[in-house]
Amino acid sequence: MKRSFLCMFFGLFLISVSAASWKVNASVNKMKLTMHEELQYTIKVSSDAPIRLDDPDPPVAKGLIFRNMMTRSSSGVSLSGLQRTAQYSREFIYVYIPSKPGIFTIPVQSVSIGSKIHKTPAFNIEVIDAPPGTTAPGPSAPPAPVDPLRWVPDPTEAYRPLGEVMLLSVPDRSSVYLGEPVIVSYYLYSTQSLGSFQLEDEEDFSGYGKSVYHQPSQLDYSRATYNGRSYLRALIKQLSVVPNSVGRIQVPGLTGSARVYDYGYQSRSLRSSDSFIQVLALPQSGAPPSFTGAVGRFSVTQQVSPKTLSLGDAVSYKLIVQGRGNFHQFTALSMPENQDFRASKPVITDAVNGGVDGTRTIVYTLLPQRSGELRLPEFRFSWFDSSSGVYRSFEAPKTTITVKPANVLSYFSDLLSREDPQELRALRPLKVYRNYHLYLFSLWFWLLISLILAAVGFSAFLAWENSLRFKDPVRFSRIRAERVLNRYFKEARQAAESLLPEFYVLAEQGLMAYMAEKFKLSNRLSTPEKLEQLANFEIPAEEIGRLSEFITRCGQARFMPGGADASALSQDLQTLQEIVRAFNSLERGAKKS
């Protein structure tokens, strides 16, 4: 399975390499130089994919002596419209010095990328014999970019074929107190840029504990001087060392291998230099009772919230310790006993780098036991100040909080407490709670709820009807017409059942209002004119005739002597019902052309 995974990974790498766009260029900083100048030959590889290549071997040119090599990488992203384009480049810069005057050729170089081989052009370099400080005349090629951290040879020093490489361990302090952290930095010193450095092992000694403080992801060179000589320096690793014994202790040692070019690449094994720390004992006298082992340079503050609360609520007391010291070596004291408060166990939250630098927050939860003006317990935190060599203490300022009488709801406020979710605090006397009335059993509460629901329902009905007017005007007209008819029909039926002649007035008005709303007839028209307008719609002639006869009957009953016969009211009511059913069953017909 491991072999198949490697094959799949290698295949994906070949696919990505073949799909990328590659470009290989070569250049020199000058085509003509003197015996006292140096030549820089640069191979630049560009691609739209990340570049992972081994350093090409330096070209061999007769009359030119290879002196040093440098590398440089860059990347960038550009956006054009919605298209994102990435560009990566890597430069390999080879430094040569001439060995004699003449014309010499840097041959064609072959750079293998995936399955393709890219070739660079050849360069003819002319070397002339000229006094020191002069520059060769004539045209020169555009200068290649120069590494500002490259090693510059000393002209008074004989050239050496082998570069100097060493690994040094540098503690930030040579003398510390017992328990005080010290940061040990491991630096790679070299007279030339290295291809890579592989960290292999750490050698430990007695008398300390350690943790990683910082681990760089790449070699980042800077210029440094050591024993009067200039070097390129890169940080390899930083360890936090906390001594646990008094006396002289040796810091951990690192071993690794550097990839160095000495007329061909080779690995050079390195071991860090031996470094020692003198550990001093803490003073025996003067240690306060609240000292729990904190050693370093700290600043301490406190936070209390809230300062006004109800009985049953909790106070959050935070002790904040900031600075540099042995954060992982000391504990938190319990809150002093106090009859006015019940304190939880301390909860510690750290935001610390390598156990050395940062902030520790110690949180106590205080539960008041009575109402009134209560003073918080007096609290003290002590540590040994390594900068002055004395014990120091932080005494919490006197703080008073206001506790109001509790209500019944606050009794259950910490049932879901993170520290002790299943603990129910001791019962309080009933007199400390206010007498709250439960609104759920009040008549006015449900009356208010009913009014709110009725208002919501009426608003929803109006919104629906307004929406229907625009979405479906035909249905809206039918609903309005039926609503008008129902109002007049109800009144007419009551008049008929009571044998009142007002039946005919209501019946005629209701029918014609219904027809006007249903078929969009103008209210300015008279009843005969409205009947004539109904003939323009697709309504059966017999229905229009029966409607016309009923309207005529209503007119006779209203204006002719003896027309309103009480014995005929029931028959006329039945006729009205039949007419209404007939027109209700009709959809609004299209108007005749």
# chains A, B, ... in the order shown; residues from 1 in each chain; ligands from 1
>>> residues_around(residues="stretch 364-371 of chain A", least_positions_apart="6", cutoff="9 Å", atoms="only C-alpha atoms", output="ChimeraX atom specification")
/A:310-319,334-335,339-347,402-406,432
>>> residues_around(residues="A:Met166", least_positions_apart="6", cutoff="12 Å", atoms="only C-alpha atoms", output="PyMOL selection string")
chain A and resi 186-192+194+197+226+231-234+236+254-258+260+268-273
>>> residues_around(residues="A:Arg392", least_positions_apart="2", cutoff="8 Å", atoms="only C-alpha atoms", output="ChimeraX atom specification")
/A:382-385,390,394
>>> write_last_selection(atoms="N, CA, C and O atoms", output="mmCIF file, in the first residue's frame")
data_model
loop_
_atom_site.group_PDB
_atom_site.id
_atom_site.type_symbol
_atom_site.label_atom_id
_atom_site.label_comp_id
_atom_site.auth_asym_id
_atom_site.auth_seq_id
_atom_site.Cartn_x
_atom_site.Cartn_y
_atom_site.Cartn_z
ATOM 1 N N SER A 382 1.825 36.376 45.383
ATOM 2 C CA SER A 382 3.246 36.670 45.590
ATOM 3 C C SER A 382 4.093 35.950 44.566
ATOM 4 O O SER A 382 3.744 34.865 44.084
ATOM 5 N N TRP A 383 5.231 36.570 44.216
ATOM 6 C CA TRP A 383 6.195 35.982 43.290
ATOM 7 C C TRP A 383 7.589 36.505 43.595
ATOM 8 O O TRP A 383 7.748 37.513 44.304
ATOM 9 N N PHE A 384 8.589 35.812 43.068
ATOM 10 C CA PHE A 384 9.970 36.262 43.208
ATOM 11 C C PHE A 384 10.349 37.047 41.965
ATOM 12 O O PHE A 384 10.319 36.517 40.844
ATOM 13 N N ASP A 385 10.700 38.324 42.152
ATOM 14 C CA ASP A 385 11.054 39.206 41.043
ATOM 15 C C ASP A 385 12.531 38.992 40.704
ATOM 16 O O ASP A 385 13.424 39.419 41.451
ATOM 17 N N VAL A 390 14.157 40.124 44.764
ATOM 18 C CA VAL A 390 13.385 40.183 46.007
ATOM 19 C C VAL A 390 12.004 39.603 45.744
ATOM 20 O O VAL A 390 11.557 39.494 44.598
ATOM 21 N N PHE A 394 1.208 41.181 45.368
ATOM 22 C CA PHE A 394 0.083 42.013 44.933
ATOM 23 C C PHE A 394 -1.042 41.834 45.941
ATOM 24 O O PHE A 394 -1.532 40.716 46.146
#
>>> atom_distance(atom1="atom CA of A:Arg546", atom2="atom CA of A:Thr575")
9.0 Å
>>> residues_around(residues="A:Gln40", least_positions_apart="3", cutoff="6 Å", atoms="only C-alpha atoms", output="number ranges by chain")
A: 28-29, 94-95
>>> residues_around(residues="A:Thr399", least_positions_apart="2", cutoff="12 Å", atoms="only C-alpha atoms", output="list in words")
Gln302, Gln303, Val304, Ser305, Pro306, Lys307, Thr308, Val315, Tyr317, Glu373, Leu374, Arg375, Leu376, Pro377, Glu378, Phe379, Glu395, Ala396, Pro397, Ile401 and Thr402 of chain A
>>> write_last_selection(atoms="N, CA, C and O atoms", output="PDB file, in the first residue's frame")
ATOM      1  N   GLN A 302      -6.337  43.168  38.824  1.00  0.00           N
ATOM      2  CA  GLN A 302      -7.551  42.429  39.129  1.00  0.00           C
ATOM      3  C   GLN A 302      -8.746  43.077  38.433  1.00  0.00           C
ATOM      4  O   GLN A 302      -8.722  44.260  38.093  1.00  0.00           O
ATOM      5  N   GLN A 303      -9.797  42.265  38.188  1.00  0.00           N
ATOM      6  CA  GLN A 303     -11.056  42.736  37.630  1.00  0.00           C
ATOM      7  C   GLN A 303     -12.190  42.105  38.421  1.00  0.00           C
ATOM      8  O   GLN A 303     -12.172  40.891  38.677  1.00  0.00           O
ATOM      9  N   VAL A 304     -13.187  42.930  38.792  1.00  0.00           N
ATOM     10  CA  VAL A 304     -14.349  42.460  39.551  1.00  0.00           C
ATOM     11  C   VAL A 304     -15.611  42.914  38.811  1.00  0.00           C
ATOM     12  O   VAL A 304     -15.760  44.104  38.506  1.00  0.00           O
ATOM     13  N   SER A 305     -16.504  41.965  38.522  1.00  0.00           N
ATOM     14  CA  SER A 305     -17.762  42.323  37.863  1.00  0.00           C
ATOM     15  C   SER A 305     -18.811  41.243  38.172  1.00  0.00           C
ATOM     16  O   SER A 305     -18.470  40.064  38.250  1.00  0.00           O
ATOM     17  N   PRO A 306     -20.081  41.671  38.371  1.00  0.00           N
ATOM     18  CA  PRO A 306     -20.518  43.065  38.534  1.00  0.00           C
ATOM     19  C   PRO A 306     -20.329  43.514  39.973  1.00  0.00           C
ATOM     20  O   PRO A 306     -20.107  42.688  40.861  1.00  0.00           O
ATOM     21  N   LYS A 307     -20.457  44.811  40.179  1.00  0.00           N
ATOM     22  CA  LYS A 307     -20.332  45.329  41.539  1.00  0.00           C
ATOM     23  C   LYS A 307     -21.690  45.603  42.181  1.00  0.00           C
ATOM     24  O   LYS A 307     -21.741  45.961  43.363  1.00  0.00           O
ATOM     25  N   THR A 308     -22.753  45.453  41.389  1.00  0.00           N
ATOM     26  CA  THR A 308     -24.123  45.535  41.911  1.00  0.00           C
ATOM     27  C   THR A 308     -24.901  44.355  41.352  1.00  0.00           C
ATOM     28  O   THR A 308     -24.949  44.170  40.128  1.00  0.00           O
ATOM     29  N   VAL A 315     -20.465  36.815  41.535  1.00  0.00           N
ATOM     30  CA  VAL A 315     -19.442  37.807  41.230  1.00  0.00           C
ATOM     31  C   VAL A 315     -18.260  37.099  40.590  1.00  0.00           C
ATOM     32  O   VAL A 315     -17.811  36.050  41.084  1.00  0.00           O
ATOM     33  N   TYR A 317     -14.420  37.234  39.887  1.00  0.00           N
ATOM     34  CA  TYR A 317     -13.174  37.894  40.331  1.00  0.00           C
ATOM     35  C   TYR A 317     -12.028  37.330  39.501  1.00  0.00           C
ATOM     36  O   TYR A 317     -11.780  36.119  39.514  1.00  0.00           O
ATOM     37  N   GLU A 373     -24.206  45.740  51.736  1.00  0.00           N
ATOM     38  CA  GLU A 373     -22.894  46.189  51.255  1.00  0.00           C
ATOM     39  C   GLU A 373     -21.842  45.220  51.780  1.00  0.00           C
ATOM     40  O   GLU A 373     -21.553  45.191  52.986  1.00  0.00           O
ATOM     41  N   LEU A 374     -21.253  44.413  50.883  1.00  0.00           N
ATOM     42  CA  LEU A 374     -20.309  43.367  51.287  1.00  0.00           C
ATOM     43  C   LEU A 374     -18.916  43.680  50.747  1.00  0.00           C
ATOM     44  O   LEU A 374     -18.771  44.122  49.603  1.00  0.00           O
ATOM     45  N   ARG A 375     -17.906  43.422  51.555  1.00  0.00           N
ATOM     46  CA  ARG A 375     -16.516  43.626  51.149  1.00  0.00           C
ATOM     47  C   ARG A 375     -15.927  42.294  50.699  1.00  0.00           C
ATOM     48  O   ARG A 375     -16.093  41.270  51.365  1.00  0.00           O
ATOM     49  N   LEU A 376     -15.277  42.330  49.533  1.00  0.00           N
ATOM     50  CA  LEU A 376     -14.677  41.112  48.991  1.00  0.00           C
ATOM     51  C   LEU A 376     -13.558  40.620  49.892  1.00  0.00           C
ATOM     52  O   LEU A 376     -12.920  41.412  50.603  1.00  0.00           O
ATOM     53  N   PRO A 377     -13.283  39.307  49.882  1.00  0.00           N
ATOM     54  CA  PRO A 377     -12.188  38.784  50.697  1.00  0.00           C
ATOM     55  C   PRO A 377     -10.854  39.409  50.297  1.00  0.00           C
ATOM     56  O   PRO A 377     -10.610  39.711  49.127  1.00  0.00           O
ATOM     57  N   GLU A 378      -9.994  39.598  51.269  1.00  0.00           N
ATOM     58  CA  GLU A 378      -8.655  40.145  51.007  1.00  0.00           C
ATOM     59  C   GLU A 378      -7.793  39.049  50.380  1.00  0.00           C
ATOM     60  O   GLU A 378      -7.650  37.965  50.942  1.00  0.00           O
ATOM     61  N   PHE A 379      -7.244  39.359  49.204  1.00  0.00           N
ATOM     62  CA  PHE A 379      -6.514  38.349  48.424  1.00  0.00           C
ATOM     63  C   PHE A 379      -5.111  38.862  48.132  1.00  0.00           C
ATOM     64  O   PHE A 379      -4.907  40.061  47.885  1.00  0.00           O
ATOM     65  N   GLU A 395      -1.430  42.914  46.579  1.00  0.00           N
ATOM     66  CA  GLU A 395      -2.532  42.895  47.527  1.00  0.00           C
ATOM     67  C   GLU A 395      -3.750  43.524  46.862  1.00  0.00           C
ATOM     68  O   GLU A 395      -3.711  44.676  46.436  1.00  0.00           O
ATOM     69  N   ALA A 396      -4.822  42.749  46.763  1.00  0.00           N
ATOM     70  CA  ALA A 396      -6.028  43.239  46.105  1.00  0.00           C
ATOM     71  C   ALA A 396      -6.595  44.424  46.867  1.00  0.00           C
ATOM     72  O   ALA A 396      -6.699  44.387  48.096  1.00  0.00           O
ATOM     73  N   PRO A 397      -6.909  45.523  46.163  1.00  0.00           N
ATOM     74  CA  PRO A 397      -7.504  46.675  46.865  1.00  0.00           C
ATOM     75  C   PRO A 397      -8.855  46.314  47.468  1.00  0.00           C
ATOM     76  O   PRO A 397      -9.558  45.434  46.987  1.00  0.00           O
ATOM     77  N   ILE A 401     -19.090  45.514  47.177  1.00  0.00           N
ATOM     78  CA  ILE A 401     -20.139  45.306  46.195  1.00  0.00           C
ATOM     79  C   ILE A 401     -21.495  45.429  46.882  1.00  0.00           C
ATOM     80  O   ILE A 401     -21.614  45.248  48.102  1.00  0.00           O
ATOM     81  N   THR A 402     -22.503  45.767  46.074  1.00  0.00           N
ATOM     82  CA  THR A 402     -23.865  45.932  46.586  1.00  0.00           C
ATOM     83  C   THR A 402     -24.698  44.727  46.174  1.00  0.00           C
ATOM     84  O   THR A 402     -24.817  44.425  44.973  1.00  0.00           O
TER      85      THR A 402
END
>>> residues_around(residues="A:Ile277", least_positions_apart="4", cutoff="10 Å", atoms="only C-alpha atoms", output="MDAnalysis selection string")
chainID A and resid 171:176 182 243 247:251
>>> write_last_selection(atoms="C-alpha atoms", output="PDB file, in the first residue's frame")
ATOM      1  CA  PRO A 171      21.334  31.653  25.924  1.00  0.00           C
ATOM      2  CA  ASP A 172      19.699  35.041  26.465  1.00  0.00           C
ATOM      3  CA  ARG A 173      21.039  35.082  30.039  1.00  0.00           C
ATOM      4  CA  SER A 174      24.115  33.507  31.558  1.00  0.00           C
ATOM      5  CA  SER A 175      22.869  33.641  35.171  1.00  0.00           C
ATOM      6  CA  VAL A 176      19.282  32.961  36.332  1.00  0.00           C
ATOM      7  CA  VAL A 182      15.949  31.160  29.867  1.00  0.00           C
ATOM      8  CA  PRO A 243      16.357  25.024  35.543  1.00  0.00           C
ATOM      9  CA  GLY A 247      24.660  25.301  40.065  1.00  0.00           C
ATOM     10  CA  ARG A 248      26.196  25.204  36.606  1.00  0.00           C
ATOM     11  CA  ILE A 249      24.074  23.388  34.021  1.00  0.00           C
ATOM     12  CA  GLN A 250      24.660  22.730  30.321  1.00  0.00           C
ATOM     13  CA  VAL A 251      21.937  23.672  27.857  1.00  0.00           C
TER      14      VAL A 251
END
>>> closest_residue(among="A:Val246, A:Ile128, A:Leu453, A:Ile544", to="A:Val580", atoms="only C-alpha atoms")
A:Ile544
>>> closest_residue(among="A:Asn326, A:Ile97, A:Ser393, A:Val212", to="A:Ser299", atoms="only C-alpha atoms")
A:Ser393
>>> select_by_dssp(residues="stretch 258-466 of chain A", states="helix (DSSP H, G or I)", output="PyMOL selection string")
chain A and resi 327-329+408-412+430-432+439-441+443-466
>>> closest_residue(among="A:Arg360, A:Arg52, A:Arg324, A:Lys23", to="A:Ser387", atoms="only C-alpha atoms")
A:Arg324
>>> select_by_dssp(residues="stretch 296-386 of chain A", states="strand (DSSP E or B)", output="PyMOL selection string")
chain A and resi 296-305+308-311+313+315-325+338+341-343+347-353+357-368+372-375+380-385
